[in-house]
Structures are given as C-alpha cells and as structure tokens.
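J.: CSV, C-alpha atoms, file work.csv:
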```
chain,number,residue,atom,x,y,z
A,1035,MET,CA,-53.9,-19.1,5.6
A,1036,THR,CA,-55.2,-17.2,2.6
A,1037,THR,CA,-52.9,-15.6,0.0
A,1038,CYS,CA,-52.5,-11.9,0.4
A,1039,GLN,CA,-54.0,-10.1,-2.6
A,1040,LYS,CA,-52.4,-7.0,-4.1
A,1041,GLN,CA,-54.9,-4.8,-5.9
A,1042,PRO,CA,-54.3,-2.1,-8.5
A,1043,PRO,CA,-54.3,1.5,-7.1
A,1044,SER,CA,-57.5,2.2,-8.9
A,1045,ALA,CA,-59.4,-0.5,-7.1
A,1046,VAL,CA,-61.9,0.7,-4.5
A,1047,SER,CA,-62.5,-1.8,-1.7
A,1048,TRP,CA,-62.8,-2.2,2.0
A,1049,TRP,CA,-59.2,-1.4,2.7
A,1050,ASP,CA,-59.5,2.0,1.1
A,1051,GLU,CA,-62.0,2.9,3.8
A,1052,LEU,CA,-60.0,1.2,6.5
A,1053,LEU,CA,-56.8,3.1,6.1
A,1054,PRO,CA,-58.1,6.6,7.1
A,1055,LEU,CA,-60.3,5.0,9.7
A,1056,ALA,CA,-57.5,3.1,11.4
A,1057,ALA,CA,-55.2,6.2,11.3
A,1058,SER,CA,-57.8,8.4,13.0
A,1059,GLU,CA,-59.4,5.9,15.5
A,1060,GLY,CA,-56.9,3.0,15.8
A,1061,THR,CA,-54.2,2.5,18.3
A,1062,CYS,CA,-50.8,3.6,16.8
A,1063,LEU,CA,-47.8,1.4,17.6
A,1064,SER,CA,-44.6,3.0,16.4
A,1065,GLY,CA,-41.9,0.7,15.1
A,1066,TYR,CA,-38.5,1.4,13.8
A,1067,HIS,CA,-39.6,1.2,10.2
A,1068,ASN,CA,-43.4,1.4,10.2
A,1069,LEU,CA,-46.4,2.9,11.8
A,1070,ASN,CA,-48.9,0.2,12.8
A,1071,TYR,CA,-52.5,1.1,13.4
A,1072,VAL,CA,-54.4,-1.6,15.3
A,1073,HIS,CA,-58.2,-1.3,14.8
A,1074,ARG,CA,-61.2,-3.5,15.2
A,1075,LEU,CA,-63.1,-3.9,11.9
A,1076,PRO,CA,-66.6,-2.4,11.8
A,1077,PRO,CA,-69.2,-4.9,10.8
A,1078,HIS,CA,-69.6,-3.7,7.2
A,1079,LEU,CA,-65.9,-3.8,6.6
A,1080,ALA,CA,-65.5,-7.2,8.2
A,1081,GLU,CA,-68.3,-8.5,5.9
A,1082,SER,CA,-66.7,-6.9,2.8
A,1083,ALA,CA,-63.3,-8.5,3.7
A,1084,GLY,CA,-64.9,-11.9,4.4
A,1085,LEU,CA,-63.7,-11.8,8.0
A,1086,ALA,CA,-65.4,-12.5,11.3
A,1087,GLN,CA,-67.0,-9.5,13.0
A,1088,ASP,CA,-64.8,-7.7,15.5
A,1089,THR,CA,-61.6,-9.0,13.8
A,1090,ARG,CA,-58.7,-6.8,14.9
A,1091,VAL,CA,-56.3,-5.9,12.2
A,1092,LYS,CA,-53.0,-4.1,11.9
A,1093,VAL,CA,-52.7,-1.5,9.2
A,1094,ARG,CA,-49.0,-1.0,8.4
A,1095,THR,CA,-47.6,2.0,6.7
A,1096,PRO,CA,-43.9,2.7,6.2
A,1097,ARG,CA,-42.5,5.7,8.2
A,1098,SER,CA,-40.3,8.3,6.6
A,1099,GLY,CA,-37.0,9.5,8.0
A,1100,SER,CA,-36.0,6.3,9.8
A,1101,LEU,CA,-32.4,5.2,9.9
A,1102,LYS,CA,-31.4,2.5,7.4
A,1103,VAL,CA,-29.5,0.2,9.7
A,1104,VAL,CA,-31.0,-3.2,8.7
A,1105,GLU,CA,-30.9,-5.2,5.4
A,1106,ARG,CA,-34.2,-5.7,3.6
A,1107,VAL,CA,-33.8,-8.2,0.8
A,1108,TRP,CA,-37.5,-8.4,-0.2
A,1109,PRO,CA,-39.6,-5.3,-0.1
A,1110,ASP,CA,-42.9,-7.2,0.5
A,1111,GLU,CA,-43.1,-9.1,3.7
A,1112,ASP,CA,-46.5,-10.4,2.5
A,1113,VAL,CA,-45.0,-12.5,-0.2
A,1114,VAL,CA,-42.9,-14.3,2.4
A,1115,LEU,CA,-45.9,-14.9,4.5
A,1116,ASP,CA,-47.7,-16.4,1.5
A,1117,ALA,CA,-44.7,-18.8,0.9
A,1118,LEU,CA,-45.0,-20.1,4.5
A,1119,ALA,CA,-48.6,-21.2,4.1
A,1120,GLY,CA,-48.9,-24.9,4.3
A,1121,VAL,CA,-45.2,-25.7,4.8
A,1122,ASP,CA,-44.9,-28.7,7.1
A,1123,GLY,CA,-43.7,-27.8,10.6
A,1124,ILE,CA,-44.1,-24.0,10.3
A,1125,ALA,CA,-45.9,-22.5,13.2
A,1126,ASP,CA,-48.7,-20.0,13.0
A,1127,THR,CA,-47.8,-16.8,11.2
A,1128,PRO,CA,-50.0,-13.6,10.9
A,1129,ARG,CA,-52.3,-13.6,7.9
A,1130,CYS,CA,-52.0,-10.9,5.4
A,1131,PHE,CA,-55.5,-9.7,4.3
A,1132,ALA,CA,-54.6,-7.1,1.7
A,1133,ARG,CA,-51.7,-5.0,0.4
A,1134,GLN,CA,-51.3,-2.0,-1.8
A,1135,ASP,CA,-48.4,0.3,-2.6
A,1136,GLY,CA,-47.8,2.2,0.7
A,1137,PHE,CA,-49.7,0.0,3.1
A,1138,SER,CA,-50.8,-3.5,4.0
A,1139,VAL,CA,-53.4,-5.1,6.3
A,1140,HIS,CA,-52.4,-7.9,8.5
A,1141,GLU,CA,-54.0,-10.0,11.2
A,1142,TYR,CA,-53.3,-8.5,14.7
A,1143,VAL,CA,-51.9,-11.4,16.7
A,1144,GLU,CA,-53.7,-11.7,20.1
A,1145,GLY,CA,-51.3,-12.8,22.7
A,1146,THR,CA,-48.3,-11.8,24.8
A,1147,PRO,CA,-44.8,-11.1,23.5
A,1148,LEU,CA,-42.3,-13.5,25.0
A,1149,SER,CA,-40.3,-10.5,26.2
A,1150,ARG,CA,-43.1,-9.8,28.7
A,1151,LEU,CA,-43.0,-13.3,30.1
A,1152,CYS,CA,-39.2,-13.4,30.4
A,1153,GLY,CA,-37.1,-10.4,29.6
A,1154,PRO,CA,-33.7,-10.3,28.0
A,1155,GLY,CA,-31.1,-12.1,30.1
A,1156,LYS,CA,-33.7,-14.3,31.8
A,1157,PRO,CA,-34.0,-18.0,31.1
A,1158,VAL,CA,-36.8,-19.1,28.7
A,1159,ASP,CA,-39.2,-21.9,29.6
A,1160,PRO,CA,-37.8,-25.1,27.9
A,1161,ARG,CA,-41.2,-25.8,26.3
A,1162,TYR,CA,-40.7,-22.6,24.2
A,1163,LEU,CA,-37.1,-23.6,23.4
A,1164,ASP,CA,-38.3,-26.7,21.6
A,1165,LEU,CA,-40.8,-24.6,19.6
A,1166,ILE,CA,-38.2,-22.0,18.6
A,1167,THR,CA,-35.5,-24.4,17.5
A,1168,GLY,CA,-38.1,-26.5,15.7
A,1169,GLN,CA,-39.1,-23.5,13.8
A,1170,LEU,CA,-35.6,-22.5,12.8
A,1171,ALA,CA,-35.1,-26.1,11.5
A,1172,ALA,CA,-38.5,-26.1,9.7
A,1173,PHE,CA,-37.5,-23.0,7.7
A,1174,THR,CA,-35.2,-25.2,5.7
A,1175,ARG,CA,-38.3,-26.9,4.2
A,1176,VAL,CA,-39.5,-23.7,2.5
A,1177,PRO,CA,-38.8,-24.1,-1.3
A,1178,ALA,CA,-36.7,-21.3,-2.9
A,1179,ALA,CA,-39.1,-21.3,-5.8
A,1180,ASP,CA,-41.9,-20.1,-3.6
A,1181,LEU,CA,-40.0,-17.0,-2.5
A,1182,PRO,CA,-39.3,-13.8,-4.5
A,1183,PRO,CA,-36.2,-13.5,-6.7
A,1184,LEU,CA,-33.0,-12.6,-5.0
A,1185,PRO,CA,-31.0,-9.5,-5.8
A,1186,LYS,CA,-28.5,-9.8,-8.6
A,1187,GLY,CA,-25.2,-11.1,-7.5
A,1188,TRP,CA,-26.5,-12.8,-4.3
A,1189,ALA,CA,-24.2,-15.5,-2.9
A,1190,ARG,CA,-24.6,-18.9,-4.6
A,1191,ASP,CA,-26.2,-21.8,-2.6
A,1192,GLN,CA,-23.8,-23.3,-0.1
A,1193,ASP,CA,-21.2,-20.4,-0.5
A,1194,CYS,CA,-21.4,-19.5,3.1
A,1195,GLY,CA,-18.2,-17.5,3.3
A,1196,THR,CA,-19.3,-15.2,0.6
A,1197,PHE,CA,-22.8,-14.9,2.2
A,1198,LEU,CA,-21.2,-13.7,5.5
A,1199,ARG,CA,-18.8,-11.3,3.8
A,1200,GLU,CA,-21.8,-9.8,1.9
A,1201,ARG,CA,-23.6,-9.2,5.2
A,1202,ALA,CA,-20.5,-7.5,6.6
A,1203,GLU,CA,-20.1,-5.5,3.4
A,1204,PHE,CA,-23.7,-4.3,3.6
A,1205,ALA,CA,-23.2,-3.2,7.3
A,1206,GLU,CA,-20.0,-1.4,6.3
A,1207,ARG,CA,-21.4,0.4,3.2
A,1208,GLU,CA,-25.1,1.0,4.1
A,1209,VAL,CA,-24.9,1.4,7.9
A,1210,ARG,CA,-21.5,2.6,8.9
A,1211,ALA,CA,-20.3,4.6,5.9
A,1212,ARG,CA,-23.7,6.0,4.9
A,1213,ASN,CA,-24.2,7.4,8.4
A,1214,TRP,CA,-20.6,8.3,9.3
A,1215,ARG,CA,-21.0,12.0,8.5
A,1216,GLU,CA,-23.7,12.3,11.2
A,1217,PHE,CA,-22.4,9.7,13.7
A,1218,GLY,CA,-18.6,9.5,13.0
A,1219,ALA,CA,-17.7,11.9,15.8
A,1220,LEU,CA,-19.7,9.9,18.3
A,1221,PHE,CA,-18.1,6.5,17.3
A,1222,THR,CA,-14.6,8.1,17.3
A,1223,ALA,CA,-15.1,9.4,20.8
A,1224,LEU,CA,-16.3,6.0,21.9
A,1225,GLY,CA,-13.1,4.4,20.5
A,1226,VAL,CA,-14.6,2.8,17.4
A,1227,PRO,CA,-12.5,3.5,14.3
A,1228,ALA,CA,-13.9,4.0,10.9
A,1229,ASN,CA,-12.2,0.8,9.5
A,1230,ALA,CA,-13.5,-1.5,12.2
A,1231,LEU,CA,-16.1,-3.3,10.1
A,1232,ARG,CA,-13.9,-3.5,7.1
A,1233,GLY,CA,-11.3,-5.3,9.2
A,1234,LEU,CA,-14.0,-7.8,10.4
A,1235,ARG,CA,-15.2,-8.4,6.8
A,1236,ASP,CA,-11.6,-9.0,5.7
A,1237,ARG,CA,-11.1,-11.6,8.5
A,1238,THR,CA,-14.1,-13.7,7.4
A,1239,PRO,CA,-12.8,-17.3,7.6
A,1240,GLU,CA,-13.4,-20.1,5.1
A,1241,MET,CA,-16.6,-22.0,5.8
A,1242,ALA,CA,-18.1,-25.4,5.3
A,1243,PRO,CA,-20.8,-25.5,2.6
A,1244,ARG,CA,-24.3,-25.6,3.9
A,1245,PRO,CA,-27.5,-25.5,1.8
A,1246,PHE,CA,-29.2,-22.1,1.9
A,1247,ALA,CA,-32.7,-21.7,3.4
A,1248,LEU,CA,-35.3,-19.1,4.3
A,1249,LEU,CA,-34.1,-17.0,7.3
A,1250,HIS,CA,-36.3,-14.9,9.6
A,1251,ALA,CA,-33.2,-12.9,10.5
A,1252,ASP,CA,-34.9,-11.1,13.4
A,1253,LEU,CA,-36.2,-13.7,15.7
A,1254,HIS,CA,-36.1,-12.2,19.2
A,1255,ARG,CA,-38.4,-12.1,22.2
A,1256,ASP,CA,-40.6,-9.3,20.9
A,1257,ASN,CA,-41.2,-11.2,17.7
A,1258,LEU,CA,-42.3,-14.4,19.4
A,1259,ILE,CA,-45.9,-14.0,20.5
A,1260,VAL,CA,-47.4,-16.5,22.9
A,1261,ARG,CA,-51.1,-17.0,22.0
A,1262,ASN,CA,-53.6,-17.6,24.8
A,1263,ASP,CA,-53.6,-21.3,24.0
A,1264,GLY,CA,-49.8,-21.4,24.6
A,1265,ASP,CA,-48.8,-21.8,20.9
A,1266,LEU,CA,-46.1,-19.5,19.5
A,1267,CYS,CA,-46.7,-17.1,16.6
A,1268,LEU,CA,-43.7,-15.7,14.7
A,1269,VAL,CA,-44.2,-12.1,13.6
A,1270,ASP,CA,-42.4,-9.4,11.7
A,1271,TRP,CA,-40.9,-11.1,8.7
A,1272,GLU,CA,-39.7,-7.8,7.1
A,1273,LEU,CA,-36.0,-8.8,7.3
A,1274,ALA,CA,-36.4,-12.3,6.0
A,1275,MET,CA,-33.7,-13.4,3.5
A,1276,TRP,CA,-32.2,-16.5,1.8
A,1277,GLY,CA,-28.9,-17.8,3.1
A,1278,ASP,CA,-26.9,-19.8,5.6
A,1279,PRO,CA,-29.1,-21.2,8.4
A,1280,LEU,CA,-26.3,-20.5,10.9
A,1281,HIS,CA,-26.9,-16.8,10.3
A,1282,ASP,CA,-30.4,-17.1,11.6
A,1283,LEU,CA,-29.2,-19.1,14.6
A,1284,ALA,CA,-26.6,-16.5,15.4
A,1285,VAL,CA,-29.0,-13.6,15.1
A,1286,HIS,CA,-31.4,-15.4,17.4
A,1287,LEU,CA,-28.8,-16.2,20.0
A,1288,VAL,CA,-27.4,-12.6,20.1
A,1289,ARG,CA,-30.8,-10.8,20.1
A,1290,MET,CA,-32.5,-13.2,22.6
A,1291,ARG,CA,-29.7,-12.7,25.2
A,1292,TYR,CA,-30.1,-16.1,26.8
A,1293,PRO,CA,-28.2,-16.9,30.0
A,1294,ALA,CA,-24.9,-18.6,29.0
A,1295,TYR,CA,-25.9,-22.0,30.1
A,1296,GLN,CA,-29.2,-21.8,28.1
A,1297,GLU,CA,-27.5,-20.6,25.0
A,1298,ALA,CA,-25.5,-23.8,24.9
A,1299,ASP,CA,-28.7,-25.7,25.3
A,1300,VAL,CA,-30.4,-23.9,22.5
A,1301,ILE,CA,-27.5,-24.7,20.2
A,1302,GLU,CA,-27.8,-28.4,21.1
A,1303,ARG,CA,-31.5,-28.3,20.5
A,1304,TRP,CA,-31.0,-26.6,17.1
A,1305,GLN,CA,-28.5,-29.3,16.0
A,1306,ARG,CA,-30.9,-32.0,17.0
A,1307,ASP,CA,-33.9,-30.5,15.2
A,1308,VAL,CA,-32.0,-29.6,12.0
A,1309,ALA,CA,-30.6,-33.1,11.8
A,1310,LYS,CA,-34.2,-34.4,11.6
A,1311,VAL,CA,-35.1,-32.1,8.7
A,1312,ARG,CA,-31.9,-31.4,6.7
A,1313,ARG,CA,-28.8,-32.7,8.3
A,1314,GLU,CA,-26.3,-31.0,6.0
A,1315,ALA,CA,-27.6,-27.6,7.2
A,1316,GLY,CA,-25.7,-28.1,10.4
A,1317,LEU,CA,-22.4,-29.0,8.9
A,1318,GLY,CA,-19.4,-27.2,10.5
A,1319,LEU,CA,-21.4,-25.5,13.2
A,1320,ASP,CA,-18.7,-25.7,15.9
A,1321,ARG,CA,-16.2,-23.9,13.7
A,1322,ASP,CA,-18.5,-21.5,11.8
A,1323,LEU,CA,-21.1,-20.3,14.3
A,1324,PRO,CA,-18.6,-18.1,16.2
A,1325,ALA,CA,-17.9,-16.1,13.1
A,1326,TYR,CA,-21.6,-15.3,12.6
A,1327,ILE,CA,-22.0,-14.4,16.3
A,1328,ALA,CA,-19.0,-12.1,16.0
A,1329,TYR,CA,-20.6,-10.4,13.0
A,1330,GLU,CA,-24.0,-9.9,14.7
A,1331,ARG,CA,-22.4,-8.4,17.8
A,1332,ALA,CA,-20.3,-6.1,15.7
A,1333,GLN,CA,-23.0,-4.8,13.4
A,1334,SER,CA,-25.4,-4.4,16.4
A,1335,LEU,CA,-23.0,-1.9,17.9
A,1336,PHE,CA,-23.5,0.5,15.0
A,1337,ALA,CA,-27.2,0.0,14.6
A,1338,ASP,CA,-28.0,0.2,18.3
A,1339,THR,CA,-25.8,3.2,19.1
A,1340,MET,CA,-27.2,5.2,16.2
A,1341,ARG,CA,-30.8,4.4,17.2
A,1342,ILE,CA,-30.2,5.2,20.8
A,1343,ALA,CA,-28.5,8.5,20.0
A,1344,ARG,CA,-31.3,9.6,17.6
A,1345,ALA,CA,-34.0,8.6,20.1
A,1346,LEU,CA,-32.5,10.6,22.9
A,1347,GLY,CA,-32.5,13.7,20.7
A,1348,PRO,CA,-31.0,17.2,21.4
A,1349,GLN,CA,-32.8,17.5,24.8
A,1350,PRO,CA,-32.5,14.0,26.3
A,1351,ASP,CA,-35.1,12.9,28.8
A,1352,PRO,CA,-33.2,12.3,32.0
A,1353,GLY,CA,-35.4,9.2,32.6
A,1354,LEU,CA,-34.1,7.6,29.4
A,1355,VAL,CA,-30.4,8.6,29.6
A,1356,GLY,CA,-29.4,5.8,32.0
A,1357,THR,CA,-30.9,3.1,30.0
A,1358,GLY,CA,-29.5,4.4,26.8
A,1359,VAL,CA,-26.0,4.8,28.3
A,1360,ALA,CA,-26.1,1.2,29.7
A,1361,LEU,CA,-27.2,-0.2,26.3
A,1362,VAL,CA,-24.4,1.6,24.4
A,1363,ARG,CA,-21.8,0.5,27.0
A,1364,ASP,CA,-23.1,-3.1,26.7
A,1365,ALA,CA,-23.0,-3.0,22.9
A,1366,LEU,CA,-19.4,-1.8,23.1
A,1367,GLN,CA,-18.4,-4.6,25.4
A,1368,VAL,CA,-19.9,-7.4,23.3
A,1369,ALA,CA,-18.4,-5.9,20.1
A,1370,ALA,CA,-15.0,-5.3,21.5
A,1371,GLU,CA,-13.5,-8.7,20.6
A,1372,PRO,CA,-14.8,-9.0,17.0
A,1373,LEU,CA,-13.9,-5.4,16.2
A,1374,ARG,CA,-10.7,-5.5,18.2
A,1375,LEU,CA,-11.5,-2.4,20.2
A,1376,ARG,CA,-9.2,-1.3,23.0
A,1377,GLY,CA,-9.6,0.8,26.1
A,1378,LEU,CA,-13.4,0.9,26.3
A,1379,PRO,CA,-14.9,4.0,28.0
A,1380,THR,CA,-16.5,3.6,31.4
A,1381,LEU,CA,-20.2,4.2,31.9
A,1382,THR,CA,-19.5,7.7,33.1
A,1383,GLU,CA,-17.4,8.4,30.0
A,1384,VAL,CA,-20.1,6.9,27.7
A,1385,GLU,CA,-22.7,9.2,29.3
A,1386,ARG,CA,-20.5,12.2,28.8
A,1387,ILE,CA,-19.8,11.3,25.2
A,1388,LEU,CA,-23.4,10.4,24.3
A,1389,LEU,CA,-24.9,13.5,25.9
A,1390,GLY,CA,-22.2,15.7,24.3
A,1391,TRP,CA,-23.1,14.3,20.9
A,1392,CYS,CA,-26.9,14.7,21.4
A,1393,ARG,CA,-26.6,18.3,22.5
A,1394,ARG,CA,-24.3,19.4,19.8
A,1395,PRO,CA,-25.6,22.2,17.4
A,1396,VAL,CA,-27.2,20.6,14.4
A,1397,THR,CA,-29.6,21.7,11.6
A,1398,ALA,CA,-30.7,18.2,10.5
A,1399,THR,CA,-34.2,17.0,11.5
A,1400,ARG,CA,-34.1,14.3,14.1
A,1401,ALA,CA,-36.2,11.1,13.8
A,1402,PRO,CA,-38.7,10.5,16.6
A,1403,SER,CA,-38.2,7.9,19.2
A,1404,THR,CA,-39.5,4.4,18.3
A,1405,SER,CA,-40.3,1.2,20.0
A,1406,THR,CA,-40.5,-2.4,18.9
A,1407,VAL,CA,-44.0,-3.7,18.1
A,1408,ARG,CA,-45.5,-6.9,16.8
```
Please rewrite the model in this file as structure tokens.
T.:
Amino acid sequence: MTTCQKQPPSAVSWWDELLPLAASEGTCLSGYHNLNYVHRLPPHLAESAGLAQDTRVKVRTPRSGSLKVVERVWPDEDVVLDALAGVDGIADTPRCFARQDGFSVHEYVEGTPLSRLCGPGKPVDPRYLDLITGQLAAFTRVPAADLPPLPKGWARDQDCGTFLRERAEFAEREVRARNWREFGALFTALGVPANALRGLRDRTPEMAPRPFALLHADLHRDNLIVRNDGDLCLVDWELAMWGDPLHDLAVHLVRMRYPAYQEADVIERWQRDVAKVRREAGLGLDRDLPAYIAYERAQSLFADTMRIARALGPQPDPGLVGTGVALVRDALQVAAEPLRLRGLPTLTEVERILLGWCRRPVTATRAPSTSTVR
C-alpha cells in the first residue's frame, strides 16, 4: 500500500480535475458524516495518478450539518491507513491515493458488505469469525509511534478505567448535553432522564490494566467488505482511536448483533487470538467486558434515536416510520439496564412520541436522511 500524499492547496494535479468530475458524474453514496462519490478514473487521470486504467475511486468530502454523535480522535483517517501498511497480520485496507483539506481520494473496495450476506441478528459464517477476531488481535501490533499524536490529557497507557470514563464523559458532554435543547423533550417523553449517562459514568468500575492499542471503534457488518476472492477488507477507519482493546471488542459485539450463542463464540475466539499476539491485552476480560458493553448500549440509545428522529423529518415517510419506531424501541430495551430505565414505552407509545416530536413546529433546518456506506 502506498502512503497517501497530502499536497499544498496551490498544487494542481489530477485530483483537482477529479473532484468536480466525480461530483457531477459519479455515483453519490451519502454517509452519516461524508458524501462519497464513486467514479471510474478516465484514462488520462489514471495515468497521471499512476493507477491502472478504469480504476474506481471514492472521492470523500465532509458533509455539513450532520449530528455530532460519535467521537473522532484523529481528523485524518488517511494517516491511520498509512500506519497499517506492512503491519504483520493486518488484512487488506483501502488505499488512500491523495488528500487535501476538504476531500480525499480512496480506493473503492470492490466486493459485498457482510451485511448483505448475513444481516443483523443472523449468524456469521465461522470462516469470517476467525478473520474478524484475528484482525482485532492484530491491531495490538500497530506501534503507537506510527499513529498521530493523541489529544492532550488522553488516558495513560493501561489506565482502562479512566479510558472508559472519558468515553462516557464524551457521550454525556458532546452527544447528550450538546443536543439536549433539540432532543430533550423526545428523550424525556421516552422515559430517559437527563442524568442517565452521568450516572453510568459515575458507576464505572475499577478495571484491570491492559496495554492500549489501535482500535477501529466501528467494526460492524457494513464496514466488513467481502472481496470476490473471499478475503475481508476493513473499511471506514474514521473513528479509530488508541485505547483499551476491550472497547473495540465491545463495540464490535454490540454493533454486529450476533445471535447470543455466536457472541459467546466470538469472545472465545478473540481471547484465543489475542493470547497469541499480546496476552496481557486480554487480562480481566470476564470482569471488565460487561462494563464496556453496557456503555456501548447506553450511548447508542442517544446516537441512534437522534439520527432516526432527524431522518424521519417533519413529514415522516409512512414506509420508514415502522422501521424507525422498532429501532428506537430496541435501543431503549438494550439500554434499559445500564441506564437504569424503568417503565419503557410500548411500540405504540414510541410511535406516538416519535411522530409527535417530528411534527412539532420548528424553525431549525433538518439534516437530510443518510445511509451507511463503505
């Protein structure tokens, strides 16, 4: 994999011509945070870029007005992709061909998202399980020195309790509190008090020390692409961070939505694979993993509910309401225990509350509906 090159804004090169071309003629895939234009390079641009003719690329530009409901530690995903190059055991990752302020050009990964082969709640083929847990274990090989600097005050290596509390603090401050003015009435009606995340943060238990490692932090079925040869490609490294490997495992388990019996199998495989690479990264798993899973389920309630409410808009599409209501109700159920919620609303009540919020008189501009892309 070649290193992604960042050029000064004054440089004129093939990507300067590609950006307007992809935006006007490419296929636009809207994500939560970016607009992604997939386009096949014309021969003259492929030659200028040193790429094979007919190479398909993804031109990524950040979208404005999206909700801030996830934590981004490093602004440039491309730097993380560069750090993965040549690390023993890391599977194929999309190449970055160029980046400038405001956009980047990546390889478009040809293949099928795992979500299309087996949707959420469905069992995953065991051959993929070994590849997935092997990757999570291999992340512990990536040297910290190859990654961008961490934000000031980041948790110290092996201080896993502080690391988890900081994630909960981010969710409380930047997700719940920042958006409470807009969504507070909705959560209150759903039975979610304003202090729910603060309570979860304050209940963070003491944890065993584990060496920090690179975390993908968003490894779900849509971000696992099965290439035509059967190999897996891991995409969308925007949310990568440095921290406790158990956090990555918990995020994966919650967002993959494995059947219960297979979730236990994945944990066993993860323990086995981590022991081969860095045994101390799995210390205290039985005691500490439930705390990470509880956090992931709790913060997902806020992120998912706000996204769904925004996507439905002031005139909800009847064809989307049922799915949105079911997703909010499911998020409430899985977050009920960690957030200590009581008296959850029924599906009918969730629909009434959600539609009532969507149709309320507002003057703020609503963000457009989005979908997950690779």
J.: What gap, in Å, lies between CA of Pro1096 (chain A) and CA of Asn1068 (chain A)?
T.: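 Taking CA of Pro1096 (chain A) as the start and CA of Asn1068 (chain A) as the end point, the length is 4.2 Å.
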J.: Please report the interatomic distance between CA of Asp1122 (chain A) and CA of Asp1256 (chain A) in Å with one decimal.
T.: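 According to the coordinates, CA of Asp1122 (chain A) and CA of Asp1256 (chain A) are separated by 24.2 Å.
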J.: As an exercise, work out the distance from CA of Glu1144 (chain A) to CA of His1073 (chain A) in Å and give it to one decimal place.
T.: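 It comes out at 12.5 Å.
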J.: Using all atoms listed in the file, which of A:Val1308, A:Val1093, A:Leu1224, A:Leu1280 sits nearest Gln1367 (chain A)?
T.: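 Residue with the minimum atom-to-atom distance to Gln1367 (chain A): A:Leu1224.
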J.: Write out as number ranges by chain each polymer residue whose atoms come within 7 Å of Cys1062 (chain A), counting only C-alpha atoms; drop sequence neighbours fewer than 5 positions from it.
T.: A: 1069-1072
J.: Using 8 Å as the limit and counting all atoms listed in the file, can you tabulate each residue of region 1125-1171 of chain A that touches region 1283-1297 of chain A, with its shortest atom-to-atom distance in Å and the two atoms involved, as a tab-separated table?
T.:
```
residue	atom	partner	partner_atom	distance
A:Pro1154	CA	A:Arg1291	CA	5.4
A:Gly1155	CA	A:Arg1291	CA	5.1
A:Lys1156	CA	A:Pro1293	CA	6.3
A:Pro1157	CA	A:Pro1293	CA	6.0
A:Val1158	CA	A:Tyr1292	CA	7.6
A:Leu1170	CA	A:Leu1283	CA	7.5
```
J.: Here is a test: counting all atoms listed in the file, which residue of A:Arg1261, A:Arg1090, A:Arg1331, A:Arg1212 is nearest to Leu1234 (chain A)?
T.: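 Between A:Arg1261, A:Arg1090, A:Arg1331, A:Arg1212, the residue approaching Leu1234 (chain A) most closely is A:Arg1331.
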J.: Give me the region 1230-1289 of chain A side of the contact with region 1188-1211 of chain A, cut-off 9 Å, one line per residue showing its nearest atom pair and distance in Å at one decimal, counting only C-alpha atoms, sorted by chain and residue number, as a Markdown table.
T.:
```
| residue | atom | partner | partner_atom | distance |
| --- | --- | --- | --- | --- |
| A:Ala1230 | CA | A:Glu1206 | CA | 8.8 |
| A:Leu1231 | CA | A:Glu1206 | CA | 5.8 |
| A:Arg1232 | CA | A:Glu1206 | CA | 6.5 |
| A:Leu1234 | CA | A:Ala1202 | CA | 7.5 |
| A:Arg1235 | CA | A:Ala1202 | CA | 5.4 |
| A:Asp1236 | CA | A:Arg1199 | CA | 7.8 |
| A:Thr1238 | CA | A:Arg1199 | CA | 6.4 |
| A:Pro1239 | CA | A:Gly1195 | CA | 6.9 |
| A:Glu1240 | CA | A:Gly1195 | CA | 5.7 |
| A:Met1241 | CA | A:Gly1195 | CA | 5.4 |
| A:Ala1242 | CA | A:Cys1194 | CA | 7.1 |
| A:Pro1243 | CA | A:Gln1192 | CA | 4.6 |
| A:Arg1244 | CA | A:Gln1192 | CA | 4.6 |
| A:Pro1245 | CA | A:Gln1192 | CA | 4.7 |
| A:Phe1246 | CA | A:Asp1191 | CA | 5.4 |
| A:Ala1247 | CA | A:Asp1191 | CA | 8.8 |
| A:Gly1277 | CA | A:Phe1197 | CA | 6.8 |
| A:Asp1278 | CA | A:Cys1194 | CA | 6.0 |
| A:His1281 | CA | A:Leu1198 | CA | 8.1 |
```
J.: Output region 1196-1206 of chain A as a tab-separated table (two decimals), in the coordinates of the input, making sure N, CA, C and O atoms are there.
T.:
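So the final result, stored in selection-v1.tsv, reads:
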```tsv
chain	number	residue	atom	x	y	z
A	1196	THR	N	-18.93	-16.37	1.32
A	1196	THR	CA	-19.30	-15.20	0.60
A	1196	THR	C	-20.59	-14.57	1.16
A	1196	THR	O	-20.73	-13.35	1.24
A	1197	PHE	N	-21.52	-15.41	1.59
A	1197	PHE	CA	-22.80	-14.90	2.20
A	1197	PHE	C	-22.44	-14.03	3.42
A	1197	PHE	O	-22.98	-12.93	3.56
A	1198	LEU	N	-21.56	-14.49	4.31
A	1198	LEU	CA	-21.20	-13.70	5.50
A	1198	LEU	C	-20.48	-12.44	5.12
A	1198	LEU	O	-20.74	-11.36	5.67
A	1199	ARG	N	-19.55	-12.54	4.18
A	1199	ARG	CA	-18.80	-11.30	3.80
A	1199	ARG	C	-19.77	-10.29	3.18
A	1199	ARG	O	-19.59	-9.08	3.40
A	1200	GLU	N	-20.79	-10.74	2.46
A	1200	GLU	CA	-21.80	-9.80	1.90
A	1200	GLU	C	-22.58	-9.11	2.98
A	1200	GLU	O	-22.93	-7.93	2.85
A	1201	ARG	N	-22.89	-9.82	4.05
A	1201	ARG	CA	-23.60	-9.20	5.20
A	1201	ARG	C	-22.71	-8.13	5.81
A	1201	ARG	O	-23.19	-7.04	6.16
A	1202	ALA	N	-21.45	-8.46	6.00
A	1202	ALA	CA	-20.50	-7.50	6.60
A	1202	ALA	C	-20.31	-6.31	5.66
A	1202	ALA	O	-20.17	-5.17	6.12
A	1203	GLU	N	-20.28	-6.56	4.35
A	1203	GLU	CA	-20.10	-5.50	3.40
A	1203	GLU	C	-21.32	-4.55	3.41
A	1203	GLU	O	-21.18	-3.32	3.32
A	1204	PHE	N	-22.53	-5.12	3.54
A	1204	PHE	CA	-23.70	-4.30	3.60
A	1204	PHE	C	-23.63	-3.38	4.88
A	1204	PHE	O	-23.91	-2.18	4.83
A	1205	ALA	N	-23.26	-3.97	6.02
A	1205	ALA	CA	-23.20	-3.20	7.30
A	1205	ALA	C	-22.13	-2.08	7.12
A	1205	ALA	O	-22.35	-0.96	7.61
A	1206	GLU	N	-21.02	-2.37	6.46
A	1206	GLU	CA	-20.00	-1.40	6.30
A	1206	GLU	C	-20.46	-0.24	5.35
A	1206	GLU	O	-20.33	0.94	5.67
```
